[in-house]
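See below for the structure under consideration.
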There are 2 protein chains.
Amino acid sequence: MNDRAVRPVARGNSNDHVRRHNLSTILGLVHHARGMSRSQLTQTMGLNRSTIAALVSELADRDLVREVDAESTFQVGRPSPIVRPSSTPVGLALNPEIDAITLGVVGLGGVVLSKTRHALSAPPTAERAVAITAGMIDDLRPALDGVHRITGIGVAVPGLVRETDGLVRLAPHLNWHDEPFARMLESATGIPVLAANDARLGGRAESAFGGGRGLRDMVYFNGSPSGIGGGIITGGLPLGGAEGYAGELGHTMVNPYGTACHCGAVGCLETEVRRDRLLEVAGLAGVEDVDLATALTTSTDAMVAAEVGRQLGFLGVALRNTINLLNPRLVVLGGFLADLLAADPLRLGDLGSNRPLAASRQSVDIRPAELGADLLMIGGAELAFESLIADPAAF
Amino acid sequence: MNDRAVRPVARGNSNDHVRRHNLSTILGLVHHARGMSRSQLTQTMGLNRSTIAALVSELADRDLVREVDAESTFQVGRPSPIVRPSSTPVGLALNPEIDAITLGVVGLGGVVLSKTRHALSAPPTAERAVAITAGMIDDLRPALDGVHRITGIGVAVPGLVRETDGLVRLAPHLNWHDEPFARMLESATGIPVLAANDARLGGRAESAFGGGRGLRDMVYFNGSPSGIGGGIITGGLPLGGAEGYAGELGHTMVNPYGTACHCGAVGCLETEVRRDRLLEVAGLAGVEDVDLATALTTSTDAMVAAEVGRQLGFLGVALRNTINLLNPRLVVLGGFLADLLAADPLRLGDLGSNRPLAASRQSVDIRPAELGADLLMIGGAELAFESLIADPAAF
DNA sequence: GGCAATTTGGTTGCGTTGGCAACATATTGA
DNA sequence: TCAATATGTTGCCAACGCAACCAAATTGCC
């Protein structure tokens with residue numbers, strides 16, 4: 001591992017890049033804010049009015065944004081037209097799981113237009129997942145043709161994904177090992193495919209449209225039935241690391257005398273903090289459509305309180321490490337970790353003997369996720385929109 | 001903490017910015033590579049020859065770089081002149097410690113031109129540190145005047161520093177609490193001052209001129225007599241977090257049954273992995289100028305081996321967490337952690353029951369620091385050069 | 001030693017592009 | 001009607017890419 005890759009950061013900038021950058025910035029702002037007035041754009045970007053007008057009109061010509069008259073601004077002066085994302089471009093978001101494959105059609109602004117769930121009796125192989133997805137997309141096509149344009153497919157994978165090429169290194173519950181899933185789906189559908197870890201995409205979604213809107217530094221912890229993952233945003237950008245494996249919060253060591261984890265280590269967060277154990281002590285094992293949060297908050301059972309306390313203790317260790325390491329402005333807890341937070345909100349606010357350094361602690365908020373069931377659809381679509389937003393003129 | 005700061009990332013780009021960006025990129029490349037040929041610059045930046053020539057000549061006019069003839073390139077064709085950083089601009093690097101204040105004069109390219117150590121009998125107050133530093137700078141001025149130009153002062157503080165304004169939140173060993181050190185030194189000297197945590201600056205130095213050259217994702221662990229700190233580089237940039245407190249690797253939980261730490265938590269890395277304990281078991285407590293690495297590697301004492309093993313175990317926990325969280329290409333161990341690594345290099349290569357996820361583990365190297373005693377001078381100077389490199393035309 | 005091949009530099013001028021300032025105009029609330 | 005805010009249009013300027021020319025320096029072959 002001595003390749004010493006020359007960093008491609010050092011790029012020269014030319015006039016071409018300027019326009020690309022400006023178009024990209026406008027589309028990104030409009031996408032994430034779901035619409036802004038032209039004067040707001042002018043202010044935010046610090047460019048001239050005429051320049052903004054020209055840029056917006058180019059985006060409108062390409063049907064990437066639409067200008068609509070503002071209604072009742074309640075302020076003096078000529079009203080500035082609102083620039084909204086066009087509904088023409090859509091991203092497809094895919095989430096293969098052990099018991100189903102979910103495909104979403106998502107518009108700019110993170111609007112989920114439709115969501116289709118294909119139930120499965122057994123975990124699919126990569127080949128089968130590709131075939132099923134291709135079929136689902138074919139079924140969608142009549143409804144999309146002529147109205148929408150697909151910009152790409154973003155896959156939220158419950159496992160480790162090499163983001164450079166979408167190789168699924170390991171998805172333990174799907175039993176996928178080194179499957180070049182993105183490439184496979186790309187050749188089956190002819191649509192550009194990007195893939196990433198599901199929790200990382202959840203983090204991007206929360207950052208763009210959830211509790212992390214406008215924040216440059218946040219961490220998302222996702223608690224799923226099969227484990228704990230995470231997504232980190234620093235400096236306003238998702239933190240990927242060398243190959244896109246960053247954010248594995250579930251494998252933080254929280255208990256040296258804990259259980260052995262499938263990853264080969266001992267006492268990982270995800271071996272100690274588990275949804276199934278909470279269901280078990282709450283007497284909800286096997287029940288469908290459980291409301292874990294209310295079950296935990298209303299329980300008077302000492303066993304439940306003990307297990308909640310135990311798990312919050314371990315979660316606190318991971319929070320402490322993460323806050324010390326990354327100094328985020330916000331930590332978002334999603335999935336069953338939000339239920340755990342609801343069960344004892346004060347516990348994580350203080351963190352007791354797991355206190356991060358005072359300075360970092362004072363500037364951080366710990367909150368439940370705002371986005372619900374559409375989280376992974378929105379996150380996946382962020383991937384699908386990535387190249388569109390990076391260079392709108394190319395579309 | 002609900003300020004929801006609007007991210008100032010969304011900046012428009014104008015033609016002015018293009019030139020600024022290009023000048024900055026060239027100066028940054030030349031600084032970090034300590035010289036590149038013009039044709040290399042042309043290739044790396046992807047701009048036209050004439051453009052590079054014009055940009056380089058502007059930098060040369062401002063005496064920020066110098067073009068010298070290349071000697072013996074061993075390849076056909078007209079040799080391309082080497083663009084080297086000029087020695088005129090210098091950054092001052094300051095490192096206040098409990099027993100001394102060290103001030104360095106550093107040229108572009110990270111070349112330490114001089115280093116002055118002012119020994120102290122007791123830890124200085126912030127006021128006294130400012131006064132001493134101002135005196136040291138006055139003493140330097142005759143030698144600098146007419147030859148060098150000071151671009152700024154970068155302070156490496158052994159404590160938590162709010163990087164936005166250089167407020168020292170807490171430097172436990174200096175006993176500083178909320179001292180606006182950067183502002184104080186700025187008004188005393190009239191020179192722009194930036195301050196940051198010492199380990200973070202060490203990480204920047206290793207990233208720019210040490211083992212991390214050219215790598216976009218690395219982590220630096222620094223083991224000092226007073227504790228363990230760290231610096232993180234992701235995507236080629238130092239990771240600061242919301243207020244610049246990121247990188248506190250010393251407060252990762254490694255032992256839930258460990259010692260209480262001054263930070264209020266229990267079992268932090270820096271309470272379990274300590275230089276003084278190593279010195280003690282090696283029978284070197286109180287000895288001056290110890291060579292801990294050789295002492296540890298040559299020792300046949302079982303006590304020494306046991307303590308080394310114990311500490312490497314805890315260090316392994318922190319490494320595992322960090323590698324899982326950040327997926328770095330390289331982990332650099334500095335200070336006494338490098339000695340610990342030397343004592344048993346294989347142990348950290350494997351990490352045993354503290355194995356990071358296979359994918360992240362396969363792509364990471366763990367190596368000792370390359371930069372020696374000048375580490376903090378070089379890191380501090382990086383701060384001092386920051387504004388110069390960001391906008392060379394302003395100087 | 002001489003010559004071709006190769007690589008890069010120096011200079012100039014042209015064309016393209018994007019951003020900005022200035023002017024005139026439109027819309028709204030008080 | 002006025003003040004405030006915003007848009008539309010036009011002409012100018014700065015920066016860069018590129019092409020074309022010539023010059024320079026080096027290697028390697030004859």
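Convention: chains lettered A, B, ... in structure tokens order; per-chain residue numbering from 1; ligands numbered from 1 as shown.
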Next on the checklist: With only C-alpha atoms (C1' of nucleotides) as the counted atoms, please give the residues lying no more than 10 Å from Ser87 (chain B), apart from itself and same-chain residues fewer than 2 positions off, as a list in words.
Outcome noted: Asp63, Leu64, Val65, Arg66, Arg84, Pro85, Pro89, Val90, Val106, Gly107, Leu108, Gly109, Val111, Leu113, Val147, His148 and Arg149 of chain B
Those same residues, written as an mmCIF file, in the first residue's frame with N, CA and C atoms?
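again-v5.cif, freshly written:
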```cif
data_model
loop_
_atom_site.group_PDB
_atom_site.id
_atom_site.type_symbol
_atom_site.label_atom_id
_atom_site.label_comp_id
_atom_site.auth_asym_id
_atom_site.auth_seq_id
_atom_site.Cartn_x
_atom_site.Cartn_y
_atom_site.Cartn_z
ATOM 1 N N ASP B 63 8.213 37.612 -5.604
ATOM 2 C CA ASP B 63 9.258 36.951 -4.825
ATOM 3 C C ASP B 63 8.685 35.857 -3.919
ATOM 4 N N LEU B 64 7.753 35.113 -4.471
ATOM 5 C CA LEU B 64 7.211 33.982 -3.723
ATOM 6 C C LEU B 64 7.807 32.670 -4.233
ATOM 7 N N VAL B 65 8.190 32.658 -5.501
ATOM 8 C CA VAL B 65 8.899 31.491 -6.034
ATOM 9 C C VAL B 65 10.099 31.997 -6.832
ATOM 10 N N ARG B 66 11.014 31.072 -7.127
ATOM 11 C CA ARG B 66 12.155 31.394 -7.971
ATOM 12 C C ARG B 66 12.335 30.284 -8.978
ATOM 13 N N ARG B 84 11.052 26.799 -7.584
ATOM 14 C CA ARG B 84 11.280 26.537 -6.156
ATOM 15 C C ARG B 84 10.646 27.639 -5.333
ATOM 16 N N PRO B 85 10.236 27.282 -4.105
ATOM 17 C CA PRO B 85 9.746 28.344 -3.222
ATOM 18 C C PRO B 85 10.860 29.345 -2.940
ATOM 19 N N PRO B 89 9.726 34.813 1.908
ATOM 20 C CA PRO B 89 8.654 34.762 2.906
ATOM 21 C C PRO B 89 8.956 33.714 3.978
ATOM 22 N N VAL B 90 8.785 34.082 5.210
ATOM 23 C CA VAL B 90 8.965 33.120 6.299
ATOM 24 C C VAL B 90 7.757 33.158 7.225
ATOM 25 N N VAL B 106 10.570 29.636 9.712
ATOM 26 C CA VAL B 106 10.423 28.565 8.732
ATOM 27 C C VAL B 106 10.152 29.161 7.365
ATOM 28 N N GLY B 107 10.896 28.689 6.377
ATOM 29 C CA GLY B 107 10.684 29.144 5.016
ATOM 30 C C GLY B 107 9.666 28.290 4.296
ATOM 31 N N LEU B 108 9.211 28.759 3.138
ATOM 32 C CA LEU B 108 8.337 27.946 2.296
ATOM 33 C C LEU B 108 9.049 26.633 1.974
ATOM 34 N N GLY B 109 8.278 25.601 1.805
ATOM 35 C CA GLY B 109 8.866 24.284 1.624
ATOM 36 C C GLY B 109 9.090 23.601 2.954
ATOM 37 N N VAL B 111 11.090 24.531 5.414
ATOM 38 C CA VAL B 111 12.504 24.529 5.790
ATOM 39 C C VAL B 111 12.688 25.350 7.062
ATOM 40 N N LEU B 113 14.585 27.494 9.291
ATOM 41 C CA LEU B 113 15.789 28.318 9.144
ATOM 42 C C LEU B 113 16.467 28.548 10.479
ATOM 43 N N VAL B 147 15.780 40.916 4.423
ATOM 44 C CA VAL B 147 16.016 39.637 3.753
ATOM 45 C C VAL B 147 14.726 38.819 3.673
ATOM 46 N N HIS B 148 14.022 38.793 4.795
ATOM 47 C CA HIS B 148 12.817 37.982 4.863
ATOM 48 C C HIS B 148 11.594 38.850 5.136
ATOM 49 N N ARG B 149 10.459 38.269 4.834
ATOM 50 C CA ARG B 149 9.197 38.926 5.115
ATOM 51 C C ARG B 149 8.348 37.950 5.919
#
```
Next on the checklist: Taking only C-alpha atoms (C1' of nucleotides) into account and nothing else, which residues of chain D lie no more than 12 Å away from chain B? Please answer as a PyMOL selection string.
Outcome noted: chain D and resi 13-19+23-28
Next on the checklist: Which residues are close to Pro392 (chain A), i.e. within 8 Å by only C-alpha atoms (C1' of nucleotides), leaving aside same-chain residues fewer than 4 positions away? Reply as a PyMOL selection string.
Outcome noted: chain A and resi 20+23-24+27+59+64+387-388
Store the residues picked out above, limited to C-alpha atoms, as a CSV table (one decimal), in the first residue's frame.
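Resulting contents of part26.csv:
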```
chain,number,residue,atom,x,y,z
A,20,ARG,CA,-19.6,24.7,-14.5
A,23,LEU,CA,-24.3,26.2,-12.5
A,24,SER,CA,-23.5,23.3,-10.2
A,27,LEU,CA,-28.5,23.6,-8.9
A,59,LEU,CA,-30.6,25.8,-16.1
A,64,LEU,CA,-33.4,21.4,-14.6
A,387,SER,CA,-23.1,13.8,-11.5
A,388,LEU,CA,-26.1,15.9,-12.6
```
Checklist entry - From the list B:Arg213, B:Arg200, B:Arg361, B:Arg38, which residue is nearest Gly334 (chain B) when using only C-alpha atoms? => result B:Arg200
Checklist entry - Running DSSP on the backbone, which parts of region 113-237 of chain A land in strand (DSSP E), as a PyMOL selection string? => result chain A and resi 113-119+149-157+160-162+167-171+176-179+193-197+218-224+227-234+237
Dump as a tab-separated table (two decimals) with C-alpha atoms (C1' of nucleotides), in the first residue's frame the residues of chain C that approach chain A to within 7 Å, counting only C-alpha atoms (C1' of nucleotides).
```tsv
chain	number	residue	atom	x	y	z
C	17	DT	C1'	-16.30	33.36	-22.08
C	19	DG	C1'	-18.77	38.71	-14.69
C	20	DC	C1'	-19.80	43.48	-13.68
C	27	DT	C1'	-43.78	45.67	-8.88
C	28	DT	C1'	-45.20	46.21	-4.22
C	29	DG	C1'	-46.37	48.43	0.50
```
Item to check | Long-range neighbours of Gly247 (chain B) as number ranges by chain, 12 Å cut-off, only C-alpha atoms (C1' of nucleotides), 5 positions minimum in chain | outcome: A: 321-328, 357, 360; B: 159-161, 196-204, 218-222, 228-234, 238-242, 252, 322, 326
Kindly export the residues of the current selection with C-alpha atoms, as a PDB file, in the first residue's frame.
```
ATOM      1  CA  ASN A 321     -15.394   8.694  20.994  1.00  0.00           C
ATOM      2  CA  THR A 322     -17.060  10.099  17.933  1.00  0.00           C
ATOM      3  CA  ILE A 323     -17.635  13.550  19.378  1.00  0.00           C
ATOM      4  CA  ASN A 324     -14.045  13.748  20.594  1.00  0.00           C
ATOM      5  CA  LEU A 325     -12.721  12.631  17.262  1.00  0.00           C
ATOM      6  CA  LEU A 326     -14.894  14.704  14.967  1.00  0.00           C
ATOM      7  CA  ASN A 327     -16.243  17.655  16.955  1.00  0.00           C
ATOM      8  CA  PRO A 328     -19.590  17.611  15.120  1.00  0.00           C
ATOM      9  CA  LEU A 357     -14.226  17.011  26.219  1.00  0.00           C
ATOM     10  CA  SER A 360     -16.733  19.630  21.999  1.00  0.00           C
TER      11      SER A 360
ATOM     12  CA  GLY B 159      -4.480  22.017  24.461  1.00  0.00           C
ATOM     13  CA  LEU B 160      -7.879  22.667  22.953  1.00  0.00           C
ATOM     14  CA  VAL B 161      -7.969  25.668  20.645  1.00  0.00           C
ATOM     15  CA  ALA B 196      -4.242  25.343  16.741  1.00  0.00           C
ATOM     16  CA  ASN B 197      -3.760  22.215  18.764  1.00  0.00           C
ATOM     17  CA  ASP B 198      -0.190  20.928  18.613  1.00  0.00           C
ATOM     18  CA  ALA B 199      -1.015  17.365  17.568  1.00  0.00           C
ATOM     19  CA  ARG B 200      -3.306  18.641  14.814  1.00  0.00           C
ATOM     20  CA  LEU B 201      -0.418  20.717  13.480  1.00  0.00           C
ATOM     21  CA  GLY B 202       1.888  17.740  13.760  1.00  0.00           C
ATOM     22  CA  GLY B 203      -0.570  15.870  11.602  1.00  0.00           C
ATOM     23  CA  ARG B 204      -0.569  18.655   9.046  1.00  0.00           C
ATOM     24  CA  MET B 218      -4.381   9.882   6.900  1.00  0.00           C
ATOM     25  CA  VAL B 219      -4.407  10.034  10.667  1.00  0.00           C
ATOM     26  CA  TYR B 220      -1.595  11.166  12.909  1.00  0.00           C
ATOM     27  CA  PHE B 221      -1.335   9.953  16.503  1.00  0.00           C
ATOM     28  CA  ASN B 222       1.024  11.966  18.668  1.00  0.00           C
ATOM     29  CA  ILE B 228      -1.959  11.746  23.360  1.00  0.00           C
ATOM     30  CA  GLY B 229      -3.366  13.897  20.628  1.00  0.00           C
ATOM     31  CA  GLY B 230      -4.114  13.516  17.002  1.00  0.00           C
ATOM     32  CA  GLY B 231      -4.617  15.135  13.673  1.00  0.00           C
ATOM     33  CA  ILE B 232      -6.854  13.909  10.890  1.00  0.00           C
ATOM     34  CA  ILE B 233      -6.525  14.627   7.183  1.00  0.00           C
ATOM     35  CA  THR B 234      -9.464  13.629   4.997  1.00  0.00           C
ATOM     36  CA  PRO B 238      -7.255  18.858   7.758  1.00  0.00           C
ATOM     37  CA  LEU B 239     -10.445  17.834   9.513  1.00  0.00           C
ATOM     38  CA  GLY B 240     -11.393  20.529  11.973  1.00  0.00           C
ATOM     39  CA  GLY B 241     -14.971  19.872  12.986  1.00  0.00           C
ATOM     40  CA  ALA B 242     -17.424  22.518  14.064  1.00  0.00           C
ATOM     41  CA  THR B 252     -10.966   7.432  22.902  1.00  0.00           C
ATOM     42  CA  THR B 322     -10.120   5.152  14.098  1.00  0.00           C
ATOM     43  CA  LEU B 326     -12.145   7.084   8.921  1.00  0.00           C
TER      44      LEU B 326
END
```
Item to check | DSSP helix (DSSP H, G or I) residues within region 230-323 of chain A, listed as a PyMOL selection string | outcome: chain A and resi 249-251+269-272+275-281+292-298+302-323
Just-selected residues, C-alpha atoms written as a tab-separated table (two decimals), in the first residue's frame:
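This went into again11.tsv:
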```
chain	number	residue	atom	x	y	z
A	249	LEU	CA	-19.53	3.39	13.79
A	250	GLY	CA	-20.99	-0.02	14.55
A	251	HIS	CA	-17.52	-1.44	15.05
A	269	LEU	CA	-21.08	-1.31	19.42
A	270	GLU	CA	-23.33	-3.43	17.24
A	271	THR	CA	-22.78	-6.58	19.29
A	272	GLU	CA	-23.76	-4.78	22.50
A	275	ARG	CA	-32.62	-4.10	18.49
A	276	ASP	CA	-33.48	-7.78	18.96
A	277	ARG	CA	-32.45	-7.66	22.62
A	278	LEU	CA	-34.67	-4.67	23.20
A	279	LEU	CA	-37.60	-6.44	21.52
A	280	GLU	CA	-36.90	-9.49	23.64
A	281	VAL	CA	-36.90	-7.78	27.04
A	292	LEU	CA	-40.46	0.23	19.97
A	293	ALA	CA	-40.23	3.83	21.14
A	294	THR	CA	-43.58	3.81	22.96
A	295	ALA	CA	-42.93	0.31	24.26
A	296	LEU	CA	-39.68	1.46	25.82
A	297	THR	CA	-40.92	4.81	27.14
A	298	THR	CA	-44.10	3.43	28.71
A	302	ALA	CA	-37.12	-3.16	35.63
A	303	MET	CA	-35.63	-5.57	33.09
A	304	VAL	CA	-36.48	-3.20	30.29
A	305	ALA	CA	-35.04	-0.25	32.17
A	306	ALA	CA	-31.87	-2.21	32.86
A	307	GLU	CA	-31.39	-3.23	29.25
A	308	VAL	CA	-32.14	0.27	28.01
A	309	GLY	CA	-29.65	1.63	30.52
A	310	ARG	CA	-27.03	-0.90	29.52
A	311	GLN	CA	-27.40	-0.17	25.82
A	312	LEU	CA	-27.46	3.59	26.34
A	313	GLY	CA	-24.24	3.22	28.31
A	314	PHE	CA	-22.53	1.53	25.39
A	315	LEU	CA	-24.02	3.95	22.91
A	316	GLY	CA	-22.63	6.71	25.11
A	317	VAL	CA	-19.14	5.31	24.73
A	318	ALA	CA	-19.41	5.41	20.96
A	319	LEU	CA	-20.86	8.91	21.08
A	320	ARG	CA	-18.06	10.09	23.31
A	321	ASN	CA	-15.39	8.69	20.99
A	322	THR	CA	-17.06	10.10	17.93
A	323	ILE	CA	-17.63	13.55	19.38
```
Item to check | Counting only C-alpha atoms, the residue of B:Glu179, B:Glu163, B:Glu127, B:Glu243 that sits nearest chain A | outcome: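 Among the listed residues, B:Glu243 lies closest to chain A.
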Checklist entry - region 384-386 of chain A: which residues within 10 Å, counting only C-alpha atoms (C1' of nucleotides), same-chain residues fewer than 4 positions away excluded, as a ChimeraX atom specification? => result /A:28,31,89-93,106-108,110,150-155,191-195,378-380,390-392
Grab the residues selected above and save them as a PDB file, in the first residue's frame with N, CA and C atoms.
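Below is the file again13.pdb, written as the result:
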```pdb
ATOM      1  N   GLY A  28     -27.318  22.882  -6.965  1.00  0.00           N
ATOM      2  CA  GLY A  28     -27.190  22.262  -5.645  1.00  0.00           C
ATOM      3  C   GLY A  28     -27.986  23.018  -4.590  1.00  0.00           C
ATOM      4  N   HIS A  31     -31.710  22.535  -5.247  1.00  0.00           N
ATOM      5  CA  HIS A  31     -32.059  21.149  -4.913  1.00  0.00           C
ATOM      6  C   HIS A  31     -32.206  20.986  -3.402  1.00  0.00           C
ATOM      7  N   PRO A  89     -36.065  15.812 -14.165  1.00  0.00           N
ATOM      8  CA  PRO A  89     -35.029  14.834 -13.840  1.00  0.00           C
ATOM      9  C   PRO A  89     -35.378  14.037 -12.588  1.00  0.00           C
ATOM     10  N   VAL A  90     -35.231  12.746 -12.658  1.00  0.00           N
ATOM     11  CA  VAL A  90     -35.464  11.908 -11.476  1.00  0.00           C
ATOM     12  C   VAL A  90     -34.275  10.961 -11.282  1.00  0.00           C
ATOM     13  N   GLY A  91     -34.034  10.672 -10.029  1.00  0.00           N
ATOM     14  CA  GLY A  91     -33.033   9.671  -9.697  1.00  0.00           C
ATOM     15  C   GLY A  91     -33.720   8.421  -9.203  1.00  0.00           C
ATOM     16  N   LEU A  92     -33.158   7.267  -9.522  1.00  0.00           N
ATOM     17  CA  LEU A  92     -33.708   6.029  -8.986  1.00  0.00           C
ATOM     18  C   LEU A  92     -32.880   5.621  -7.765  1.00  0.00           C
ATOM     19  N   ALA A  93     -33.581   5.240  -6.705  1.00  0.00           N
ATOM     20  CA  ALA A  93     -32.894   4.788  -5.502  1.00  0.00           C
ATOM     21  C   ALA A  93     -33.243   3.329  -5.268  1.00  0.00           C
ATOM     22  N   VAL A 106     -37.227   9.369  -7.359  1.00  0.00           N
ATOM     23  CA  VAL A 106     -37.079  10.565  -6.530  1.00  0.00           C
ATOM     24  C   VAL A 106     -36.755  11.761  -7.414  1.00  0.00           C
ATOM     25  N   GLY A 107     -37.475  12.842  -7.196  1.00  0.00           N
ATOM     26  CA  GLY A 107     -37.225  14.060  -7.948  1.00  0.00           C
ATOM     27  C   GLY A 107     -36.214  14.944  -7.243  1.00  0.00           C
ATOM     28  N   LEU A 108     -35.732  15.962  -7.948  1.00  0.00           N
ATOM     29  CA  LEU A 108     -34.863  16.953  -7.322  1.00  0.00           C
ATOM     30  C   LEU A 108     -35.598  17.563  -6.142  1.00  0.00           C
ATOM     31  N   GLY A 110     -35.333  16.080  -3.339  1.00  0.00           N
ATOM     32  CA  GLY A 110     -35.527  14.925  -2.462  1.00  0.00           C
ATOM     33  C   GLY A 110     -36.976  14.527  -2.305  1.00  0.00           C
ATOM     34  N   ILE A 150     -34.263   9.951 -16.406  1.00  0.00           N
ATOM     35  CA  ILE A 150     -33.525   9.300 -15.315  1.00  0.00           C
ATOM     36  C   ILE A 150     -32.067   9.745 -15.350  1.00  0.00           C
ATOM     37  N   THR A 151     -31.584  10.278 -14.218  1.00  0.00           N
ATOM     38  CA  THR A 151     -30.197  10.747 -14.187  1.00  0.00           C
ATOM     39  C   THR A 151     -29.238   9.663 -13.733  1.00  0.00           C
ATOM     40  N   GLY A 152     -29.745   8.677 -13.044  1.00  0.00           N
ATOM     41  CA  GLY A 152     -28.858   7.623 -12.565  1.00  0.00           C
ATOM     42  C   GLY A 152     -29.549   6.776 -11.519  1.00  0.00           C
ATOM     43  N   ILE A 153     -28.838   5.745 -11.089  1.00  0.00           N
ATOM     44  CA  ILE A 153     -29.350   4.882 -10.032  1.00  0.00           C
ATOM     45  C   ILE A 153     -28.381   4.940  -8.859  1.00  0.00           C
ATOM     46  N   GLY A 154     -28.917   5.163  -7.680  1.00  0.00           N
ATOM     47  CA  GLY A 154     -28.094   5.137  -6.482  1.00  0.00           C
ATOM     48  C   GLY A 154     -28.509   3.959  -5.610  1.00  0.00           C
ATOM     49  N   VAL A 155     -27.559   3.112  -5.291  1.00  0.00           N
ATOM     50  CA  VAL A 155     -27.875   1.898  -4.549  1.00  0.00           C
ATOM     51  C   VAL A 155     -27.406   2.027  -3.099  1.00  0.00           C
ATOM     52  N   ILE A 191     -28.122   2.409 -17.436  1.00  0.00           N
ATOM     53  CA  ILE A 191     -28.193   3.655 -16.661  1.00  0.00           C
ATOM     54  C   ILE A 191     -26.970   3.721 -15.746  1.00  0.00           C
ATOM     55  N   PRO A 192     -26.355   4.896 -15.596  1.00  0.00           N
ATOM     56  CA  PRO A 192     -25.205   5.002 -14.694  1.00  0.00           C
ATOM     57  C   PRO A 192     -25.594   4.622 -13.264  1.00  0.00           C
ATOM     58  N   VAL A 193     -24.772   3.810 -12.620  1.00  0.00           N
ATOM     59  CA  VAL A 193     -25.079   3.328 -11.274  1.00  0.00           C
ATOM     60  C   VAL A 193     -23.958   3.691 -10.320  1.00  0.00           C
ATOM     61  N   LEU A 194     -24.309   4.238  -9.183  1.00  0.00           N
ATOM     62  CA  LEU A 194     -23.367   4.427  -8.080  1.00  0.00           C
ATOM     63  C   LEU A 194     -23.914   3.672  -6.884  1.00  0.00           C
ATOM     64  N   ALA A 195     -23.017   3.149  -6.060  1.00  0.00           N
ATOM     65  CA  ALA A 195     -23.461   2.425  -4.874  1.00  0.00           C
ATOM     66  C   ALA A 195     -22.684   2.897  -3.667  1.00  0.00           C
ATOM     67  N   ILE A 378     -34.184   8.813  -0.379  1.00  0.00           N
ATOM     68  CA  ILE A 378     -33.635  10.153  -0.555  1.00  0.00           C
ATOM     69  C   ILE A 378     -32.112  10.094  -0.633  1.00  0.00           C
ATOM     70  N   GLY A 379     -31.512   9.288   0.247  1.00  0.00           N
ATOM     71  CA  GLY A 379     -30.058   9.157   0.242  1.00  0.00           C
ATOM     72  C   GLY A 379     -29.551   8.541  -1.054  1.00  0.00           C
ATOM     73  N   GLY A 380     -30.225   7.515  -1.521  1.00  0.00           N
ATOM     74  CA  GLY A 380     -29.822   6.885  -2.770  1.00  0.00           C
ATOM     75  C   GLY A 380     -29.928   7.857  -3.934  1.00  0.00           C
ATOM     76  N   ALA A 390     -23.039  17.977 -10.228  1.00  0.00           N
ATOM     77  CA  ALA A 390     -21.635  18.347 -10.412  1.00  0.00           C
ATOM     78  C   ALA A 390     -21.428  19.074 -11.739  1.00  0.00           C
ATOM     79  N   ASP A 391     -22.183  18.727 -12.748  1.00  0.00           N
ATOM     80  CA  ASP A 391     -21.995  19.354 -14.053  1.00  0.00           C
ATOM     81  C   ASP A 391     -23.312  19.403 -14.826  1.00  0.00           C
ATOM     82  N   PRO A 392     -24.166  20.353 -14.455  1.00  0.00           N
ATOM     83  CA  PRO A 392     -25.505  20.413 -15.061  1.00  0.00           C
ATOM     84  C   PRO A 392     -25.456  20.612 -16.567  1.00  0.00           C
TER      85      PRO A 392
END
```
Checklist entry - Using only C-alpha atoms, which of B:Val254, B:Met136, B:Val83, B:Ala208 sits nearest chain A? => result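 Going through B:Val254, B:Met136, B:Val83, B:Ala208 one by one, the smallest distance to chain A is for B:Val254.
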Item to check | Coordinates-based distance that separates CA of Cys261 (chain A) from CA of Pro256 (chain B) (Å, one decimal) | outcome: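 Going from CA of Pro256 (chain B) over to CA of Cys261 (chain A) covers 18.4 Å.
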Next on the checklist: Need the shell around Phe181 (chain A): protein/DNA/RNA residues with any atom at most 7 Å away, counting only C-alpha atoms (C1' of nucleotides). Skip same-chain ones fewer than 3 positions apart. Format as an MDAnalysis selection string?
Outcome noted: chainID A and resid 126 166:168 184:185
